[in-house]
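Trainee: Below: one structure in structure tokens.
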Amino acid sequence: MKRLRQLVEAGALAALGALVMPLTYRRALAVGRAVGRSAWACGLRRGVVEGNLRLAFPGWEARQVETTGRRCYEIWGQALVDYLRIPKLRDPAAWAEVMGPVRGIEYLEEVLRGGRGAILLSGHFGVFEFIGAATAAAGHRVDFVVQPQSNAWVDHWLTERRQSLGVGVIRRGSELREVLRRLRGNACVAMAADQDARGLGVFVEFLGRPSSTPTGPAVLSLRTGAPIVMGFAVRGADGRHRFTAVPALEFAPSGDFDADVAALTQLHTSVLEQWVRRHPEHWYWLHRRWKTEPPAGAGGPRRPGAWPRAAVACALALGLGLVGGATAKGPAPKAGRASPAVPAGELSEPPRFEPADATTFGGAGTSLLPLAPTRVARLAEDLVVRRVPGGWAVDVIDVFIGGGAPEVVPAGLPDFEAAADTEAVRSTLSEVRLLADGVELPASIEPPPLEKDLPGLGGVGRFFVWQLRFAADERKVVRLSFRVGTSGTEGGEELLFYYLNTGTPWRGPSGRVNARVELGPGGSDDLVAGWLRPTRFGVTDSSVTWLLDGEEPEEDLVVASAAGRDPLGGFTDRERGPLALGMVEREEWLARTTPREWRFWQAWLRARLGEAPADSALRARLSAEPWFAGRPAGRLRRPTKPEAALLQALTRRQAEWAGHAIPPDERAGGR
């Protein structure tokens with residue numbers, strides 16, 4: 001079903017493209033405007049747009065909110081047409097019809113004369129790709145940092161169009177190495193950094209409100225010395241775009257890296273705000289920009305404390321406003337910083353974390369990572385995570401092979417921090433042990449490397465460090481085990497984080513990764529299917545498994561569970577439940593439901609239609625609801641349109657989930 005849906009999406013784009021390609025540009029824009037108006041009239045995320053506008057402009061009257069919202073939909077409908085017609089722009093005459101005057105390119109050229117490259121930064125403001133195309137047309141190398149789309153056809157379609165504009169594409173998973181290579185070559189790296197970064201960014205003021213914002217551009221600029229030049233594309237009354245670049249941001253670092261990241265992020269966000277206030281209809285109001293609430297009592301720019309990122313993750317802003325992790329090489333921890341070596345099993349106390357807020361971070365596991373460049377390669381990784389009281393037990397087996405000469409590799413495991421209160425943090429790992437070829441090695445406890453040693457490091461309280469000795473071409477089996485606490489969302493879901501293949505890469509690809517999570521009581525019926533990551537997984541009644549090729553992009557392993565949750569608990573109107581939600585809100589609700597809840601909602605819907613649940617537990621559960629109590633089972637009535645749509649959606653999700661089931665004869669035993 002997923003593949004069919006993706007094929008339908010791709011077909012819809014192809015059909016609309018076939019409609020607008022033969023048209024003149026003016027008529028094609030009229031089609032785009034009509035598409036936008038139709039989306040507005042249908043209410044597609046209209047509540048989000050109007051709510052955002054009221055938050056950003058509290059003094060506006062209702063009519064001004066509606067007028068700007070409708071115009072925003074028209075602008076983005078026309079932007080879709082621009083994307084569809086990109087193949088025509090190879091013709092200089094067609095490009096001149098689309099792109100008007102280009103202003104400020106001299107600011108970008110001035111920066112490039114410095115030889116450190118340039119970070120070309122904007123927001124989801126107009127057709128961002130045309131900024132890159134205008135820069136490329138001026139003779140400068142431009143590469144976009146992009147988030148691959150889940151729909152492979154759409155992803156291929158977007159990539160082809162971007163490249164046909166003369167710009168390059170840097171994908172998540174290799175972006176830091178590729179970005180650094182481009183900047184060293186004095187090229188422009190283009191990115192957008194204006195969407196909600198959840199717990200991965202810093203809170204800065206945007207349109208009068210504290211806003212979680214990606215730190216990638218600031219981190220990259222401060223680490224490489226590449227200046228930030230901001231550019232914006234505004235559509236004129238004639239339909240043509242006007243690209244304007246502004247002078248490079250002037251910023252003098254203070255030496256406090258975290259404070260500098262926050263201040264530089266505030267600076268570029270303030271420039272974007274000026275353009276949004278000047279042209280509000282051009283910004284992408286359909287995104288929930290203020291979805292992440294700042295910590296209580298937060299004043300000024302600060303990091304969200306709920307979700308520390310993995311070690312050595314660089315928060316680069318990606319296309320579509322997402323934030324992704326990246327890896328960077330850094331030298332080994334400096335001598336003299338380590339604590340005396342002690343037996344690894346005695347390093348820490350079991351984590352105890354008492355959540356003070358609705359959301360909690362109880363810790364994250366990671367793969368073992370080298371803390372210095374190495375010739376050693378990781379051939380394979382086998383990971384088993386088991387639920388235990390108070391958290392998770394992690395057991396990792398890595399197979400390494402040495403290079404052509406003897407080598408000692410300092411290998412580390414980051415211990416993330418969890419906020420226990422407003423004054424202190426707590427470590428989150430316990431019972432840490434490492435065995436190399438069956439022999440337990442002592443570990444030293446290191447402070448986290450300095451930012452200049454290991455860029456992008458954040459949220460780490462300390463490192464466990466072992467010295468792994470390799471003879472030339474020696475194979476070594478390393479077994480690492482530890483315990484980690486659990487995390488939770490404000491909705492009550494329990495989360496497990498494990499960062500695969502993080503940190504400085506071992507030589508070459510990381511090899512095949514086998515990962516299995518033993519779920520304990522409740523099992524896979526309580527998993528939030530939409531939140532499982534990576535998306536290529538298999539399930540049994542009690543576990544979820546991934547088989548990942550080392551050539552694939554780095555991915556974070558996330559498991560979410562909602563055991564024991566009352567399905568009706570989130571609804572004020574328990575009789576109508578999700579039927580009271582709008583179309584978009586219903587999809588968002590469905591994304592956080594579980595297979596157990598799907599069965600409940602199917603029984604709930606059929607009970608509304610007059611069918612008594614066959615399952616005695618479900619029947620008893622529904623009998624407690626006033627609207628159901630005493631209702632006789634009679635002839636089934638026809639479902640209403642919303643009821644039929646919800647039943648269809650639930651059936652589709654169950655079919656997709658069944659496609660992830662591992663047949664009994666293919667299930668591997670535990671090790």
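Labeling convention for the structure tokens: chains A, B, ... as they appear, residues from 1 per chain, ligands from 1 in order of appearance.
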Write out as a list in words which residues come within 7 Å of Ala187 (chain A) when counting only C-alpha atoms, dropping same-chain ones fewer than 4 positions away.

Mentor: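 After dropping sequence-adjacent residues, the list is Gly117, Ala118, His140, Arg141, Val142, Arg182 and Leu183 of chain A.
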
Trainee: Using only C-alpha atoms, which residues sit within 12 Å of region 24-28 of chain A once same-chain residues fewer than 5 positions away are excluded, as a PyMOL selection string?

Mentor: chain A and resi 16-19+33-35+77-86+88-89+93-99+237-240

Trainee: Just asking: which residues within region 489-623 of chain A are strand (DSSP E) according to DSSP, as a list of chain:residue names?

Mentor: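 Everything in region 489-623 of chain A that counts as strand (DSSP E) is A:Glu494, A:Leu495, A:Leu496, A:Phe497, A:Tyr498, A:Tyr499, A:Arg512, A:Val513, A:Asn514, A:Ala515, A:Arg516, A:Val517, A:Glu518, A:Gly538, A:Val539, A:Ser543, A:Val544, A:Thr545, A:Trp546, A:Leu547, A:Leu548, A:Asp556, A:Leu557, A:Val558, A:Val559, A:Ala560, A:Ser561.
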
Trainee: Find the residues near region 527-532 of chain A: any atom within 8 Å, counting only C-alpha atoms, skip ones fewer than 3 places away on the same chain, and give them as an mmCIF file with C-alpha atoms, in the first residue's frame.

Mentor:
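Output contents, as saved in part_19.cif:
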```cif
data_model
loop_
_atom_site.group_PDB
_atom_site.id
_atom_site.type_symbol
_atom_site.label_atom_id
_atom_site.label_comp_id
_atom_site.auth_asym_id
_atom_site.auth_seq_id
_atom_site.Cartn_x
_atom_site.Cartn_y
_atom_site.Cartn_z
ATOM 1 C CA GLY A 523 5.555 -6.454 22.868
ATOM 2 C CA SER A 524 5.160 -5.077 19.379
ATOM 3 C CA THR A 535 11.750 2.402 8.508
ATOM 4 C CA LEU A 557 17.500 3.788 15.869
ATOM 5 C CA VAL A 558 14.348 4.874 17.682
ATOM 6 C CA VAL A 559 11.688 2.708 19.321
ATOM 7 C CA ALA A 560 8.537 4.232 20.783
ATOM 8 C CA SER A 561 6.060 2.383 22.994
ATOM 9 C CA ALA A 562 2.674 3.423 24.348
ATOM 10 C CA ALA A 563 1.818 0.518 26.630
ATOM 11 C CA ALA A 591 0.838 8.646 13.279
ATOM 12 C CA ARG A 592 1.182 8.115 17.042
ATOM 13 C CA THR A 593 -1.195 5.162 17.442
ATOM 14 C CA THR A 594 -0.246 1.511 17.984
ATOM 15 C CA PRO A 595 -1.435 -1.829 16.510
ATOM 16 C CA TRP A 657 2.132 -3.512 9.678
#
```

Trainee: Which is closer to Pro414 (chain A) than all the others in A:Leu435, A:Val385, A:Val484, A:Ala233, using only C-alpha atoms?

Mentor: A:Val484

Trainee: So how far away is CA of Val394 (chain A) from CA of Ala418 (chain A), in Å?

Mentor: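 Atom-to-atom, CA of Ala418 (chain A) to CA of Val394 (chain A), that is 18.3 Å.
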
Trainee: Measuring atom to atom with only C-alpha atoms, identify which of A:Arg462, A:Arg576, A:Lys476, A:His268 is nearest to Arg378 (chain A).

Mentor: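 Of the candidates, the smallest distance to Arg378 (chain A) is held by A:Lys476.
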
Trainee: Please determine, counting only C-alpha atoms, which residue among A:Cys42, A:Leu222, A:Val229, A:Val127 has the shortest atom-to-atom distance to His282 (chain A).

Mentor: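 Closest to His282 (chain A) of all the choices is A:Val127.
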
Trainee: Find, counting only C-alpha atoms, the residue in A:Ser212, A:Thr640, A:Asn514, A:Thr269 that gets nearest to Val384 (chain A).

Mentor: A:Asn514

Trainee: Leu605 (chain A): which residues within 10 Å, counting only C-alpha atoms, same-chain residues fewer than 5 positions away excluded, as a list of chain:residue names?

Mentor: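 The filter keeps A:Arg576, A:Gly577, A:Leu579, A:Arg599, A:Phe600, A:Gly610, A:Glu611, A:Pro613, A:Pro639, A:Glu643, A:Ala644, A:Leu646, A:Leu647.
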
Trainee: Quick one: residues within 9 Å of Phe537 (chain A), only C-alpha atoms counted, chain neighbours fewer than 5 positions away excluded, as a ChimeraX atom specification?

Mentor: /A:532,544-547,660-661

Trainee: Contacts of Val408 (chain A) at 8 Å or less, counting only C-alpha atoms, minus same-chain residues fewer than 4 places along, as a ChimeraX atom specification?

Mentor: /A:467-470

Trainee: Could you write out that same residue set with C-alpha atoms as a PDB file, in the first residue's frame?

Mentor:
```pdb
ATOM      1  CA  GLN A 467      42.728   1.527  24.340  1.00  0.00           C
ATOM      2  CA  LEU A 468      42.233  -1.161  21.668  1.00  0.00           C
ATOM      3  CA  ARG A 469      45.484  -2.702  20.402  1.00  0.00           C
ATOM      4  CA  PHE A 470      45.626  -4.139  16.885  1.00  0.00           C
TER       5      PHE A 470
END
```

Trainee: By how many Å are CA of Ser221 (chain A) and CA of Ile119 (chain A) apart?

Mentor: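 Computed distance, CA of Ser221 (chain A) to CA of Ile119 (chain A), equals 7.4 Å.
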
Trainee: Select from region 480-530 of chain A everything DSSP, run on the backbone, classes as helix (DSSP H, G or I), then give the selection as a PyMOL selection string.

Mentor: chain A and resi 523-526+529-530

Trainee: The selected residues should be written to file as a PDB file, in the first residue's frame (atoms: N, CA and C atoms).

Mentor:
```pdb
ATOM      1  N   GLY A 523       5.029  -6.074  24.158  1.00  0.00           N
ATOM      2  CA  GLY A 523       5.555  -6.454  22.868  1.00  0.00           C
ATOM      3  C   GLY A 523       5.247  -5.455  21.770  1.00  0.00           C
ATOM      4  N   SER A 524       5.279  -5.961  20.537  1.00  0.00           N
ATOM      5  CA  SER A 524       5.160  -5.077  19.379  1.00  0.00           C
ATOM      6  C   SER A 524       3.770  -4.485  19.216  1.00  0.00           C
ATOM      7  N   ASP A 525       2.761  -5.040  19.888  1.00  0.00           N
ATOM      8  CA  ASP A 525       1.420  -4.464  19.793  1.00  0.00           C
ATOM      9  C   ASP A 525       1.359  -3.048  20.351  1.00  0.00           C
ATOM     10  N   ASP A 526       2.324  -2.686  21.211  1.00  0.00           N
ATOM     11  CA  ASP A 526       2.315  -1.366  21.828  1.00  0.00           C
ATOM     12  C   ASP A 526       3.303  -0.404  21.185  1.00  0.00           C
ATOM     13  N   ALA A 529       3.998   2.676  15.494  1.00  0.00           N
ATOM     14  CA  ALA A 529       4.588   2.249  14.224  1.00  0.00           C
ATOM     15  C   ALA A 529       5.163   3.418  13.440  1.00  0.00           C
ATOM     16  N   GLY A 530       4.480   4.551  13.464  1.00  0.00           N
ATOM     17  CA  GLY A 530       4.929   5.692  12.684  1.00  0.00           C
ATOM     18  C   GLY A 530       6.210   6.319  13.168  1.00  0.00           C
TER      19      GLY A 530
END
```

Trainee: Would you mind telling me which residue in A:Pro410, A:Gly459, A:Pro87, A:Gly492 lies nearest to Glu160 (chain A) when using only C-alpha atoms?

Mentor: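 Among the listed residues, the smallest separation from Glu160 (chain A) belongs to A:Pro87.
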
Trainee: Closest to Phe206 (chain A) among A:Arg483, A:Gly36, A:Glu61, A:Val276, using only C-alpha atoms?

Mentor: A:Val276
